[in-house]
$ cat input_31.cif   # mmCIF, N, CA and C atoms
data_query
#
loop_
_atom_site.label_atom_id
_atom_site.label_comp_id
_atom_site.auth_asym_id
_atom_site.auth_seq_id
_atom_site.Cartn_x
_atom_site.Cartn_y
_atom_site.Cartn_z
N MET P 484 -13.16 -22.70 -47.24
CA MET P 484 -12.10 -21.88 -47.84
C MET P 484 -12.65 -21.08 -49.02
N ARG P 485 -13.37 -21.80 -49.89
CA ARG P 485 -13.88 -21.15 -51.08
C ARG P 485 -14.80 -19.97 -50.73
N ALA P 486 -15.66 -20.14 -49.74
CA ALA P 486 -16.61 -19.09 -49.34
C ALA P 486 -15.87 -17.82 -48.92
N SER P 487 -14.83 -17.97 -48.14
CA SER P 487 -14.12 -16.79 -47.66
C SER P 487 -13.42 -16.06 -48.80
N ARG P 488 -12.98 -16.80 -49.81
CA ARG P 488 -12.33 -16.13 -50.95
C ARG P 488 -13.34 -15.26 -51.70
N ILE P 489 -14.54 -15.74 -51.89
CA ILE P 489 -15.59 -14.96 -52.56
C ILE P 489 -15.88 -13.70 -51.75
N ALA P 490 -15.98 -13.86 -50.44
CA ALA P 490 -16.24 -12.71 -49.57
C ALA P 490 -15.13 -11.67 -49.74
N ALA P 491 -13.91 -12.13 -49.79
CA ALA P 491 -12.77 -11.21 -49.91
C ALA P 491 -12.86 -10.43 -51.22
N ILE P 492 -13.23 -11.10 -52.30
CA ILE P 492 -13.35 -10.42 -53.60
C ILE P 492 -14.44 -9.35 -53.54
N THR P 493 -15.57 -9.67 -52.91
CA THR P 493 -16.66 -8.70 -52.80
C THR P 493 -16.21 -7.46 -52.05
N VAL P 494 -15.50 -7.69 -50.95
CA VAL P 494 -15.02 -6.56 -50.14
C VAL P 494 -14.07 -5.71 -50.98
N MET P 495 -13.17 -6.34 -51.70
CA MET P 495 -12.23 -5.61 -52.55
C MET P 495 -12.98 -4.76 -53.57
N GLY P 496 -14.00 -5.36 -54.18
CA GLY P 496 -14.78 -4.65 -55.20
C GLY P 496 -15.43 -3.41 -54.60
N ALA P 497 -16.00 -3.57 -53.43
CA ALA P 497 -16.67 -2.44 -52.78
C ALA P 497 -15.66 -1.36 -52.44
N ALA P 498 -14.50 -1.77 -51.96
CA ALA P 498 -13.47 -0.80 -51.59
C ALA P 498 -13.02 -0.01 -52.82
N ALA P 499 -12.82 -0.71 -53.93
CA ALA P 499 -12.37 -0.04 -55.15
C ALA P 499 -13.44 0.95 -55.61
N PHE P 500 -14.69 0.54 -55.54
CA PHE P 500 -15.78 1.43 -55.93
C PHE P 500 -15.82 2.64 -55.01
N GLY P 501 -15.66 2.38 -53.71
CA GLY P 501 -15.70 3.47 -52.73
C GLY P 501 -14.65 4.51 -53.02
N VAL P 502 -13.47 4.07 -53.36
CA VAL P 502 -12.37 5.00 -53.63
C VAL P 502 -12.69 5.85 -54.85
N SER P 503 -13.18 5.24 -55.93
CA SER P 503 -13.45 6.02 -57.14
C SER P 503 -14.59 7.00 -56.90
N ALA P 504 -15.61 6.58 -56.13
CA ALA P 504 -16.72 7.49 -55.86
C ALA P 504 -16.23 8.69 -55.05
N THR P 505 -15.37 8.43 -54.09
CA THR P 505 -14.86 9.50 -53.24
C THR P 505 -14.05 10.50 -54.07
N SER P 506 -13.18 10.00 -54.94
CA SER P 506 -12.35 10.93 -55.71
C SER P 506 -13.21 11.74 -56.68
N ALA P 507 -14.28 11.15 -57.18
CA ALA P 507 -15.18 11.89 -58.07
C ALA P 507 -15.83 13.04 -57.29
N TYR P 508 -16.23 12.74 -56.06
CA TYR P 508 -16.84 13.79 -55.24
C TYR P 508 -15.82 14.86 -54.88
N ALA P 509 -14.61 14.44 -54.58
CA ALA P 509 -13.56 15.40 -54.22
C ALA P 509 -13.35 16.36 -55.40
N ASP P 510 -13.40 15.80 -56.59
CA ASP P 510 -13.24 16.58 -57.79
C ASP P 510 -14.36 17.63 -57.91
N GLU P 511 -15.58 17.17 -57.68
CA GLU P 511 -16.74 18.05 -57.73
C GLU P 511 -16.61 19.16 -56.70
N GLY P 512 -16.20 18.75 -55.50
CA GLY P 512 -16.20 19.67 -54.37
C GLY P 512 -15.20 20.80 -54.49
N ARG P 513 -14.25 20.67 -55.41
CA ARG P 513 -13.21 21.68 -55.49
C ARG P 513 -13.77 23.06 -55.77
N SER P 514 -14.78 23.14 -56.62
CA SER P 514 -15.33 24.46 -56.94
C SER P 514 -16.54 24.79 -56.07
N GLY P 515 -16.80 23.97 -55.05
CA GLY P 515 -17.94 24.23 -54.18
C GLY P 515 -17.64 25.29 -53.14
N ARG P 516 -17.31 26.47 -53.64
CA ARG P 516 -16.92 27.55 -52.73
C ARG P 516 -18.08 28.51 -52.49
N ILE P 517 -18.10 29.05 -51.27
CA ILE P 517 -19.01 30.15 -50.97
C ILE P 517 -18.13 31.39 -50.88
N GLU P 518 -18.43 32.36 -51.73
CA GLU P 518 -17.69 33.62 -51.68
C GLU P 518 -18.38 34.52 -50.66
N THR P 519 -17.59 35.15 -49.80
CA THR P 519 -18.16 36.07 -48.82
C THR P 519 -17.71 37.49 -49.15
N SER P 520 -18.65 38.42 -49.11
CA SER P 520 -18.33 39.81 -49.43
C SER P 520 -19.10 40.73 -48.49
N PRO P 521 -18.44 41.59 -47.72
CA PRO P 521 -16.97 41.66 -47.62
C PRO P 521 -16.43 40.44 -46.88
N HIS P 522 -15.13 40.23 -46.97
CA HIS P 522 -14.51 39.08 -46.33
C HIS P 522 -14.37 39.31 -44.83
N VAL P 523 -14.27 40.58 -44.45
CA VAL P 523 -14.21 40.95 -43.03
C VAL P 523 -15.47 41.75 -42.73
N VAL P 524 -16.28 41.25 -41.80
CA VAL P 524 -17.59 41.83 -41.54
C VAL P 524 -17.70 42.26 -40.08
N LYS P 525 -18.05 43.53 -39.87
CA LYS P 525 -18.21 44.01 -38.50
C LYS P 525 -19.54 43.50 -37.94
N PRO P 526 -19.59 43.25 -36.62
CA PRO P 526 -20.86 42.83 -36.01
C PRO P 526 -21.96 43.84 -36.30
N GLY P 527 -23.16 43.34 -36.61
CA GLY P 527 -24.28 44.22 -36.93
C GLY P 527 -24.36 44.54 -38.41
N HIS P 528 -23.35 44.13 -39.18
CA HIS P 528 -23.35 44.40 -40.62
C HIS P 528 -23.75 43.14 -41.39
N VAL P 529 -24.00 43.33 -42.67
CA VAL P 529 -24.47 42.24 -43.51
C VAL P 529 -23.34 41.72 -44.40
N VAL P 530 -23.24 40.39 -44.49
CA VAL P 530 -22.26 39.78 -45.39
C VAL P 530 -23.05 39.10 -46.52
N ARG P 531 -22.56 39.27 -47.73
CA ARG P 531 -23.20 38.62 -48.87
C ARG P 531 -22.53 37.26 -49.09
N LEU P 532 -23.33 36.24 -49.19
CA LEU P 532 -22.82 34.88 -49.42
C LEU P 532 -23.27 34.45 -50.80
N SER P 533 -22.33 34.02 -51.63
CA SER P 533 -22.73 33.59 -52.98
C SER P 533 -21.89 32.41 -53.43
N THR P 534 -22.47 31.59 -54.30
CA THR P 534 -21.76 30.43 -54.82
C THR P 534 -22.11 30.22 -56.28
N GLU P 535 -21.14 29.77 -57.05
CA GLU P 535 -21.39 29.43 -58.45
C GLU P 535 -21.50 27.92 -58.60
N ALA P 536 -21.47 27.20 -57.48
CA ALA P 536 -21.45 25.74 -57.54
C ALA P 536 -22.85 25.14 -57.72
N CYS P 537 -23.89 25.92 -57.42
CA CYS P 537 -25.25 25.37 -57.45
C CYS P 537 -26.03 25.94 -58.63
N HIS P 538 -26.18 25.14 -59.68
CA HIS P 538 -26.91 25.64 -60.85
C HIS P 538 -28.38 25.28 -60.81
N CYS P 539 -28.69 24.15 -60.19
CA CYS P 539 -30.07 23.65 -60.20
C CYS P 539 -30.75 23.93 -58.87
N GLY P 540 -31.33 25.10 -58.74
CA GLY P 540 -32.07 25.41 -57.53
C GLY P 540 -31.21 26.08 -56.47
N PRO P 541 -31.86 26.49 -55.38
CA PRO P 541 -31.17 27.25 -54.34
C PRO P 541 -30.25 26.39 -53.48
N ALA P 542 -29.40 27.06 -52.73
CA ALA P 542 -28.53 26.37 -51.78
C ALA P 542 -28.95 26.78 -50.38
N LYS P 543 -28.69 25.90 -49.42
CA LYS P 543 -28.96 26.24 -48.02
C LYS P 543 -27.64 26.15 -47.28
N VAL P 544 -27.29 27.21 -46.58
CA VAL P 544 -26.02 27.22 -45.84
C VAL P 544 -26.29 27.69 -44.41
N HIS P 545 -25.33 27.42 -43.54
CA HIS P 545 -25.47 27.91 -42.17
C HIS P 545 -24.15 28.42 -41.63
N VAL P 546 -24.28 29.36 -40.70
CA VAL P 546 -23.15 29.93 -39.98
C VAL P 546 -23.41 29.61 -38.51
N THR P 547 -22.42 29.08 -37.81
CA THR P 547 -22.59 28.79 -36.39
C THR P 547 -21.88 29.87 -35.58
N ILE P 548 -22.65 30.60 -34.78
CA ILE P 548 -22.10 31.66 -33.93
C ILE P 548 -22.58 31.40 -32.51
N ASP P 549 -21.64 31.31 -31.58
CA ASP P 549 -21.96 31.01 -30.17
C ASP P 549 -22.80 29.75 -30.04
N GLY P 550 -22.48 28.75 -30.84
CA GLY P 550 -23.18 27.48 -30.74
C GLY P 550 -24.57 27.47 -31.37
N LYS P 551 -24.97 28.59 -31.96
CA LYS P 551 -26.29 28.67 -32.58
C LYS P 551 -26.15 28.69 -34.11
N ARG P 552 -26.94 27.85 -34.76
CA ARG P 552 -26.89 27.80 -36.23
C ARG P 552 -27.83 28.82 -36.84
N HIS P 553 -27.29 29.62 -37.73
CA HIS P 553 -28.11 30.60 -38.46
C HIS P 553 -28.18 30.10 -39.91
N TRP P 554 -29.38 29.80 -40.40
CA TRP P 554 -29.54 29.29 -41.76
C TRP P 554 -29.76 30.44 -42.75
N VAL P 555 -29.16 30.31 -43.89
CA VAL P 555 -29.31 31.32 -44.95
C VAL P 555 -29.61 30.59 -46.25
N LYS P 556 -30.59 31.08 -46.99
CA LYS P 556 -30.92 30.48 -48.28
C LYS P 556 -30.26 31.32 -49.38
N LEU P 557 -29.52 30.66 -50.24
CA LEU P 557 -28.90 31.35 -51.38
C LEU P 557 -29.79 31.05 -52.59
N ALA P 558 -30.69 31.98 -52.87
CA ALA P 558 -31.69 31.70 -53.91
C ALA P 558 -31.72 32.73 -55.03
N LYS P 559 -31.14 33.90 -54.80
CA LYS P 559 -31.23 34.96 -55.80
C LYS P 559 -30.03 34.89 -56.76
N TRP P 560 -30.30 34.93 -58.05
CA TRP P 560 -29.21 34.92 -59.03
C TRP P 560 -28.61 36.31 -59.12
N THR P 561 -27.29 36.41 -58.92
CA THR P 561 -26.58 37.67 -59.15
C THR P 561 -25.38 37.33 -60.03
N ALA P 562 -24.57 38.32 -60.31
CA ALA P 562 -23.37 38.09 -61.12
C ALA P 562 -22.43 37.09 -60.44
N GLU P 563 -22.54 36.97 -59.12
CA GLU P 563 -21.65 36.06 -58.38
C GLU P 563 -22.23 34.65 -58.25
N GLY P 564 -23.42 34.42 -58.79
CA GLY P 564 -24.05 33.10 -58.66
C GLY P 564 -25.25 33.18 -57.74
N LYS P 565 -25.59 32.06 -57.13
CA LYS P 565 -26.72 32.04 -56.17
C LYS P 565 -26.29 32.80 -54.93
N THR P 566 -27.12 33.74 -54.50
CA THR P 566 -26.72 34.66 -53.44
C THR P 566 -27.76 34.78 -52.34
N GLY P 567 -27.26 34.98 -51.13
CA GLY P 567 -28.11 35.26 -49.98
C GLY P 567 -27.36 36.23 -49.08
N TRP P 568 -28.06 36.79 -48.10
CA TRP P 568 -27.44 37.78 -47.21
C TRP P 568 -27.62 37.35 -45.76
N PHE P 569 -26.59 37.59 -44.97
CA PHE P 569 -26.64 37.23 -43.55
C PHE P 569 -26.20 38.41 -42.71
N LYS P 570 -27.03 38.79 -41.74
CA LYS P 570 -26.66 39.89 -40.85
C LYS P 570 -25.95 39.30 -39.64
N VAL P 571 -24.70 39.70 -39.44
CA VAL P 571 -23.90 39.19 -38.33
C VAL P 571 -24.44 39.80 -37.03
N PRO P 572 -24.80 38.96 -36.04
CA PRO P 572 -25.32 39.50 -34.79
C PRO P 572 -24.36 40.50 -34.16
N ARG P 573 -24.91 41.53 -33.53
CA ARG P 573 -24.08 42.61 -32.99
C ARG P 573 -23.13 42.16 -31.88
N ASP P 574 -23.50 41.09 -31.16
CA ASP P 574 -22.62 40.66 -30.06
C ASP P 574 -21.68 39.53 -30.47
N THR P 575 -21.44 39.38 -31.77
CA THR P 575 -20.56 38.33 -32.27
C THR P 575 -19.11 38.62 -31.88
N ASP P 576 -18.42 37.59 -31.37
CA ASP P 576 -17.02 37.75 -30.99
C ASP P 576 -16.13 37.79 -32.23
N PRO P 577 -14.96 38.44 -32.12
CA PRO P 577 -14.02 38.46 -33.24
C PRO P 577 -13.56 37.04 -33.55
N GLY P 578 -13.23 36.80 -34.81
CA GLY P 578 -12.72 35.48 -35.19
C GLY P 578 -13.15 35.10 -36.59
N ARG P 579 -12.82 33.86 -36.95
CA ARG P 579 -13.15 33.34 -38.28
C ARG P 579 -14.39 32.48 -38.16
N TYR P 580 -15.34 32.70 -39.04
CA TYR P 580 -16.60 31.96 -39.01
C TYR P 580 -16.78 31.19 -40.32
N GLU P 581 -17.03 29.89 -40.17
CA GLU P 581 -17.23 29.02 -41.33
C GLU P 581 -18.67 29.14 -41.83
N VAL P 582 -18.82 29.12 -43.13
CA VAL P 582 -20.14 29.05 -43.74
C VAL P 582 -20.16 27.71 -44.46
N GLU P 583 -21.11 26.85 -44.12
CA GLU P 583 -21.17 25.53 -44.74
C GLU P 583 -22.60 25.23 -45.17
N GLY P 584 -22.71 24.41 -46.20
CA GLY P 584 -24.06 24.04 -46.62
C GLY P 584 -24.00 23.16 -47.85
N HIS P 585 -25.11 23.10 -48.58
CA HIS P 585 -25.13 22.26 -49.77
C HIS P 585 -26.16 22.80 -50.77
N CYS P 586 -25.93 22.44 -52.02
CA CYS P 586 -26.86 22.78 -53.09
C CYS P 586 -28.11 21.91 -52.95
N LYS P 587 -29.12 22.28 -53.70
CA LYS P 587 -30.38 21.54 -53.64
C LYS P 587 -30.15 20.05 -53.94
N TRP P 588 -29.25 19.75 -54.85
CA TRP P 588 -29.03 18.35 -55.21
C TRP P 588 -27.83 17.73 -54.50
N GLY P 589 -27.43 18.32 -53.37
CA GLY P 589 -26.50 17.61 -52.48
C GLY P 589 -25.04 18.00 -52.49
N ARG P 590 -24.60 18.78 -53.45
CA ARG P 590 -23.18 19.12 -53.49
C ARG P 590 -22.80 20.02 -52.31
N GLY P 591 -21.73 19.67 -51.62
CA GLY P 591 -21.29 20.47 -50.47
C GLY P 591 -20.60 21.76 -50.91
N ILE P 592 -20.86 22.82 -50.18
CA ILE P 592 -20.19 24.11 -50.45
C ILE P 592 -19.73 24.70 -49.12
N GLU P 593 -18.66 25.47 -49.17
CA GLU P 593 -18.16 26.07 -47.93
C GLU P 593 -17.39 27.36 -48.19
N GLY P 594 -17.32 28.17 -47.16
CA GLY P 594 -16.59 29.43 -47.23
C GLY P 594 -16.37 29.92 -45.81
N ALA P 595 -15.89 31.14 -45.68
CA ALA P 595 -15.66 31.69 -44.34
C ALA P 595 -15.57 33.21 -44.41
N PHE P 596 -15.83 33.86 -43.28
CA PHE P 596 -15.60 35.30 -43.18
C PHE P 596 -15.00 35.58 -41.81
N TRP P 597 -14.45 36.76 -41.66
CA TRP P 597 -13.82 37.17 -40.41
C TRP P 597 -14.61 38.28 -39.75
N VAL P 598 -14.68 38.24 -38.43
CA VAL P 598 -15.23 39.35 -37.66
C VAL P 598 -14.05 39.99 -36.95
N PRO P 599 -13.80 41.28 -37.19
CA PRO P 599 -12.60 41.93 -36.63
C PRO P 599 -12.78 42.30 -35.16
N LYS P 600 -11.65 42.50 -34.51
CA LYS P 600 -11.69 43.02 -33.13
C LYS P 600 -12.02 44.51 -33.23
N GLU P 601 -12.89 44.98 -32.36
CA GLU P 601 -13.19 46.41 -32.37
C GLU P 601 -13.78 46.79 -31.03
N HIS P 602 -13.87 48.08 -30.82
CA HIS P 602 -14.42 48.59 -29.57
C HIS P 602 -15.94 48.49 -29.67
N LYS P 603 -16.51 47.49 -28.98
CA LYS P 603 -17.93 47.19 -29.15
C LYS P 603 -18.85 48.32 -28.70
N GLU P 604 -18.56 48.94 -27.58
CA GLU P 604 -19.48 49.97 -27.06
C GLU P 604 -19.63 51.11 -28.06
N HIS P 605 -18.51 51.55 -28.60
CA HIS P 605 -18.55 52.63 -29.58
C HIS P 605 -19.41 52.21 -30.78
N HIS P 606 -19.20 51.00 -31.22
CA HIS P 606 -19.94 50.52 -32.39
C HIS P 606 -21.44 50.50 -32.11
N ARG P 607 -21.82 50.08 -30.92
CA ARG P 607 -23.25 50.00 -30.58
C ARG P 607 -23.92 51.37 -30.73
N THR P 608 -23.29 52.40 -30.17
CA THR P 608 -23.92 53.72 -30.23
C THR P 608 -24.01 54.19 -31.68
N VAL P 609 -22.98 53.96 -32.43
CA VAL P 609 -22.99 54.36 -33.84
C VAL P 609 -24.12 53.65 -34.55
N HIS P 610 -24.24 52.34 -34.30
CA HIS P 610 -25.27 51.56 -34.99
C HIS P 610 -26.67 52.06 -34.63
N HIS P 611 -26.90 52.34 -33.34
CA HIS P 611 -28.22 52.80 -32.92
C HIS P 611 -28.58 54.11 -33.59
N HIS P 612 -27.62 55.02 -33.63
CA HIS P 612 -27.87 56.31 -34.27
C HIS P 612 -28.25 56.10 -35.74
N HIS P 613 -27.47 55.26 -36.39
CA HIS P 613 -27.69 54.98 -37.81
C HIS P 613 -29.08 54.37 -38.02
N HIS P 614 -29.42 53.44 -37.17
CA HIS P 614 -30.71 52.75 -37.26
C HIS P 614 -31.85 53.76 -37.10
N HIS P 615 -31.71 54.65 -36.13
CA HIS P 615 -32.73 55.65 -35.85
C HIS P 615 -32.90 56.57 -37.07
N HIS P 616 -31.77 56.92 -37.65
CA HIS P 616 -31.77 57.80 -38.81
C HIS P 616 -32.55 57.14 -39.97
N CYS P 617 -32.38 55.83 -40.13
CA CYS P 617 -33.02 55.13 -41.22
C CYS P 617 -34.53 55.04 -41.04
N ALA P 618 -34.99 55.13 -39.79
CA ALA P 618 -36.41 54.93 -39.51
C ALA P 618 -37.27 56.06 -40.06
N HIS P 619 -36.65 57.21 -40.31
CA HIS P 619 -37.44 58.38 -40.75
C HIS P 619 -37.89 58.27 -42.18
#
$ encode --input "input_31.cif" --output "structure tokens"
Amino acid sequence: MRASRIAAITVMGAAAFGVSATSAYADEGRSGRIETSPHVVKPGHVVRLSTEACHCGPAKVHVTIDGKRHWVKLAKWTAEGKTGWFKVPRDTDPGRYEVEGHCKWGRGIEGAFWVPKEHKEHHRTVHHHHHHHCAH
């Protein structure tokens, strides 16, 4: 009988600790936002990802598109915090895309951007022309 009571106390102690640790992290995580600019990004265009949550070193984040993870490093300091850039693939479907990752020391950060519905064929020709123009 006595042994089981000690075990019960240990479990209670661990549970209480677990709860306080979780709430502390939840508190931290509140400002772990990734700002996306622009918030709506056309396929083939670049979205800027930035966070003010990571002060000590760069952050690594990823965007999953068509089941493929694209990693982006947020390492450059700008007015918006640690910043990186991601070029949305041209064949990306319309919808909301999550950006998730963490700071160098483990804090989770997240954000999202939207890809609008548009006439893809028209966009492709415009993009090619623009790209060709830039090559000169």
$ resolve_selection --input "input_31.cif" --expression "the PyMOL selection byres ((chain P and resi 517) around 6.5)" --output "tab-separated table (two decimals) with N, CA and C atoms, keeping the file's coordinate frame"
chain	number	residue	atom	x	y	z
P	515	GLY	N	-16.80	23.97	-55.05
P	515	GLY	CA	-17.94	24.23	-54.18
P	515	GLY	C	-17.64	25.29	-53.14
P	516	ARG	N	-17.31	26.47	-53.64
P	516	ARG	CA	-16.92	27.55	-52.73
P	516	ARG	C	-18.08	28.51	-52.49
P	518	GLU	N	-18.43	32.36	-51.73
P	518	GLU	CA	-17.69	33.62	-51.68
P	518	GLU	C	-18.38	34.52	-50.66
P	519	THR	N	-17.59	35.15	-49.80
P	519	THR	CA	-18.16	36.07	-48.82
P	519	THR	C	-17.71	37.49	-49.15
P	532	LEU	N	-23.33	36.24	-49.19
P	532	LEU	CA	-22.82	34.88	-49.42
P	532	LEU	C	-23.27	34.45	-50.80
P	533	SER	N	-22.33	34.02	-51.63
P	533	SER	CA	-22.73	33.59	-52.98
P	533	SER	C	-21.89	32.41	-53.43
P	534	THR	N	-22.47	31.59	-54.30
P	534	THR	CA	-21.76	30.43	-54.82
P	534	THR	C	-22.11	30.22	-56.28
P	535	GLU	N	-21.14	29.77	-57.05
P	535	GLU	CA	-21.39	29.43	-58.45
P	535	GLU	C	-21.50	27.92	-58.60
P	592	ILE	N	-20.86	22.82	-50.18
P	592	ILE	CA	-20.19	24.11	-50.45
P	592	ILE	C	-19.73	24.70	-49.12
P	593	GLU	N	-18.66	25.47	-49.17
P	593	GLU	CA	-18.16	26.07	-47.93
P	593	GLU	C	-17.39	27.36	-48.19
P	594	GLY	N	-17.32	28.17	-47.16
P	594	GLY	CA	-16.59	29.43	-47.23
P	594	GLY	C	-16.37	29.92	-45.81
P	595	ALA	N	-15.89	31.14	-45.68
P	595	ALA	CA	-15.66	31.69	-44.34
P	595	ALA	C	-15.57	33.21	-44.41
$ closest_residue --input "input_31.cif" --among "P:Lys570, P:Lys556, P:Lys551, P:Lys587" --to "Cys539 (chain P)" --atoms "only N, CA and C atoms"
P:Lys587
$ residues_around --input "input_31.cif" --residues "Ala558 (chain P)" --least-positions-apart "3" --cutoff "5 Å" --atoms "all atoms listed in the file" --output "PyMOL selection string"
chain P and resi 541+565-567
$ resolve_selection --input "input_31.cif" --expression "the PyMOL selection byres (((chain P and resi 548 and name CA) around 9) and name CA)" --output "PDB file with N, CA and C atoms, keeping the file's coordinate frame"
ATOM      1  N   VAL P 546     -24.280  29.360 -40.700  1.00  0.00           N
ATOM      2  CA  VAL P 546     -23.150  29.930 -39.980  1.00  0.00           C
ATOM      3  C   VAL P 546     -23.410  29.610 -38.510  1.00  0.00           C
ATOM      4  N   THR P 547     -22.420  29.080 -37.810  1.00  0.00           N
ATOM      5  CA  THR P 547     -22.590  28.790 -36.390  1.00  0.00           C
ATOM      6  C   THR P 547     -21.880  29.870 -35.580  1.00  0.00           C
ATOM      7  N   ASP P 549     -21.640  31.310 -31.580  1.00  0.00           N
ATOM      8  CA  ASP P 549     -21.960  31.010 -30.170  1.00  0.00           C
ATOM      9  C   ASP P 549     -22.800  29.750 -30.040  1.00  0.00           C
ATOM     10  N   GLY P 550     -22.480  28.750 -30.840  1.00  0.00           N
ATOM     11  CA  GLY P 550     -23.180  27.480 -30.740  1.00  0.00           C
ATOM     12  C   GLY P 550     -24.570  27.470 -31.370  1.00  0.00           C
ATOM     13  N   LYS P 551     -24.970  28.590 -31.960  1.00  0.00           N
ATOM     14  CA  LYS P 551     -26.290  28.670 -32.580  1.00  0.00           C
ATOM     15  C   LYS P 551     -26.150  28.690 -34.110  1.00  0.00           C
ATOM     16  N   ARG P 552     -26.940  27.850 -34.760  1.00  0.00           N
ATOM     17  CA  ARG P 552     -26.890  27.800 -36.230  1.00  0.00           C
ATOM     18  C   ARG P 552     -27.830  28.820 -36.840  1.00  0.00           C
ATOM     19  N   HIS P 553     -27.290  29.620 -37.730  1.00  0.00           N
ATOM     20  CA  HIS P 553     -28.110  30.600 -38.460  1.00  0.00           C
ATOM     21  C   HIS P 553     -28.180  30.100 -39.910  1.00  0.00           C
ATOM     22  N   VAL P 571     -24.700  39.700 -39.440  1.00  0.00           N
ATOM     23  CA  VAL P 571     -23.900  39.190 -38.330  1.00  0.00           C
ATOM     24  C   VAL P 571     -24.440  39.800 -37.030  1.00  0.00           C
ATOM     25  N   PRO P 572     -24.800  38.960 -36.040  1.00  0.00           N
ATOM     26  CA  PRO P 572     -25.320  39.500 -34.790  1.00  0.00           C
ATOM     27  C   PRO P 572     -24.360  40.500 -34.160  1.00  0.00           C
ATOM     28  N   THR P 575     -21.440  39.380 -31.770  1.00  0.00           N
ATOM     29  CA  THR P 575     -20.560  38.330 -32.270  1.00  0.00           C
ATOM     30  C   THR P 575     -19.110  38.620 -31.880  1.00  0.00           C
ATOM     31  N   ASP P 576     -18.420  37.590 -31.370  1.00  0.00           N
ATOM     32  CA  ASP P 576     -17.020  37.750 -30.990  1.00  0.00           C
ATOM     33  C   ASP P 576     -16.130  37.790 -32.230  1.00  0.00           C
ATOM     34  N   TYR P 580     -15.340  32.700 -39.040  1.00  0.00           N
ATOM     35  CA  TYR P 580     -16.600  31.960 -39.010  1.00  0.00           C
ATOM     36  C   TYR P 580     -16.780  31.190 -40.320  1.00  0.00           C
TER      37      TYR P 580
END
$ atom_distance --input "input_31.cif" --atom1 "CA of Val529 (chain P)" --atom2 "atom N of Val555 (chain P)"
12.8 Å
$ closest_residue --input "input_31.cif" --among "P:Ser520, P:Phe569, P:Glu563, P:Glu583" --to "Ala536 (chain P)" --atoms "only N, CA and C atoms"
P:Glu563
$ atom_distance --input "input_31.cif" --atom1 "CA of Val530 (chain P)" --atom2 "CA of Trp588 (chain P)"
24.5 Å
$ atom_distance --input "input_31.cif" --atom1 "atom N of Arg579 (chain P)" --atom2 "atom C of Cys537 (chain P)"
26.6 Å
$ resolve_selection --input "input_31.cif" --expression "the PyMOL selection byres ((chain P and resi 598) around 6)" --output "list in words"
Val523, Val524, Lys525, Pro526, Asp576, Pro577, Gly578, Arg579, Tyr580, Phe596, Trp597, Pro599 and Lys600 of chain P
